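Following: one structure in structure tokens, then a few remarks.
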Amino acid sequence: MTLHEIRELLDARVLAGKNHLDVEVKTAFSADLMSDVLAFAKPGSIMITGLTNPQVVRIASIVDNSAILIVRGKIPPDETIALAEKLEIPVLSTKYILFETSGRLYANGIVGCIRKIEGPGSVVPL
Amino acid sequence: MSQKYEFSFPVKGDNFDDAGKASIQIKKRLKGLGITGDVLRRTAIAIYESEVNIISYARQGNINIRVTDDNISINIRDSGPGIADIKQAMQQGYSTANDRIRKMGFGAGMGLFNIKNCSDDFEILSKANKGTLLKILINR
């Protein structure tokens, strides 16, 4: 799906990166724990989170997320948006909760970055 | 001819607002040196985790990066409390993070483990009340 299509599906507001919505997204990682995003998110994936601080943008830049999708209708502070514009990372905000957002994307062909964690250091890929 | 690049970034402890700033600058600089893809990403993640560790636990620290044709070697030195039990600290889920750290979405006890995962070689040297030195090597 493109970010355009994701925006439509989730009735989301585009808060940053309006000109970068043609990007194609195949994978997603949902988390409110940034440590887990750093450990498991794949490059090009969309980060789905309820956090809104600027750290979220820096993490997305470090792990090469294609975009940040903020759930529960939260609107990030101005500094988060400004940083996202600077680092050219699109930020979308949807009113759906994390579960609904993830489920709707999954139903439309977006898959997770990994399948499960089997044990310490043992990641089961898709 | 083989070329070598070396540069350092200071990191101030307790400065959560700026967490990740050094890492993003370093990533940009490494990209400028022609490092791309998985190597760039693993290096950036290892440095980011280390930067957050300094901010969370130490008064100050320093990130030193050396790039050669073969590898990237990163030394992260801090003047924090040191790690009493390195084996325990390496375990997934073990954390001494406070509420403030956790509120930012960190302190899950994944940091050192994740750094090791991103590295081709990883070593921790630590002395109680003196500080910690992380030695990270990533092959190009």
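Letters for chains follow the order of the structure tokens (A, B, ...), residue numbers begin at 1 for each chain, and ligand numbers begin at 1 in the order shown.
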* Neighbour list for region 37-47 of chain B as a list in words, cut-off 8 Å, only C-alpha atoms, skip fewer than 5 positions in-chain -> Leu38, Ile62, Val63 and Asp64 of chain A; Ser23, Ile24, Ile26, Lys27, Leu30, Lys31, Ile63, Ile72, Ile74, Asn114, Ile115, Lys116, Cys118, Ser119, Ile138, Asn139 and Arg140 of chain B
* Identify all residues of chain B in helix (DSSP H, G or I) (DSSP on the backbone) and supply them as number ranges by chain. => B: 16-18, 21-32, 37-57, 86-90, 99-103, 111-118
* Test item, strand (DSSP E) assignment across region 36-125 of chain A, answer as a PyMOL selection string -> chain A and resi 46-49+67-70+91-93+111-112+116-119+122-124
Sorted per-residue table, chain A near chain B, closest atoms and distance, 12 Å, only C-alpha atoms, as a tab-separated table:
residue	atom	partner	partner_atom	distance
A:Ala31	CA	B:Gly105	CA	9.2
A:Asp32	CA	B:Gly105	CA	6.3
A:Leu33	CA	B:Gly105	CA	4.6
A:Met34	CA	B:Gly105	CA	4.9
A:Ser35	CA	B:Phe106	CA	5.4
A:Asp36	CA	B:Met110	CA	7.4
A:Val37	CA	B:Gly105	CA	9.8
A:Leu38	CA	B:Ile45	CA	6.6
A:Ala39	CA	B:Asn114	CA	5.8
A:Phe40	CA	B:Asn114	CA	9.2
A:Ala41	CA	B:Ile45	CA	10.9
A:Lys42	CA	B:Arg41	CA	9.9
A:Pro43	CA	B:Arg41	CA	8.4
A:Gly44	CA	B:Gly37	CA	11.5
A:Thr49	CA	B:Gly105	CA	10.4
A:Gly50	CA	B:Gly105	CA	10.2
A:Leu51	CA	B:Gly105	CA	7.8
A:Thr52	CA	B:Met104	CA	9.5
A:Asn53	CA	B:Met104	CA	7.7
A:Pro54	CA	B:Asp17	CA	8.0
A:Gln55	CA	B:Ala19	CA	7.0
A:Val56	CA	B:Gly105	CA	8.9
A:Val57	CA	B:Gly20	CA	9.5
A:Arg58	CA	B:Gly20	CA	6.0
A:Ile59	CA	B:Gly20	CA	7.5
A:Ala60	CA	B:Ile24	CA	10.4
A:Ser61	CA	B:Ile24	CA	7.4
A:Ile62	CA	B:Ala44	CA	5.9
A:Val63	CA	B:Arg41	CA	6.2
A:Asp64	CA	B:Arg41	CA	7.6
A:Asn65	CA	B:Arg41	CA	11.0
A:Glu79	CA	B:Asp17	CA	10.6
A:Thr80	CA	B:Asp17	CA	11.1
A:Leu83	CA	B:Lys21	CA	10.8
A:Lys86	CA	B:Ile24	CA	11.9
A:Leu87	CA	B:Ile24	CA	9.6
A:Ile117	CA	B:Gln92	CA	11.6
A:Gly119	CA	B:Gln92	CA	9.5
A:Pro120	CA	B:Gln92	CA	6.5
A:Gly121	CA	B:Asn117	CA	8.0
A:Ser122	CA	B:Asn117	CA	10.7
A:Val123	CA	B:Asn117	CA	11.3
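Residue nearest Leu3 (chain A) within the list A:Val124, A:Ile48, A:Leu92, A:Ala82: A:Leu92 [criterion: smallest interatomic distance, only C-alpha atoms].
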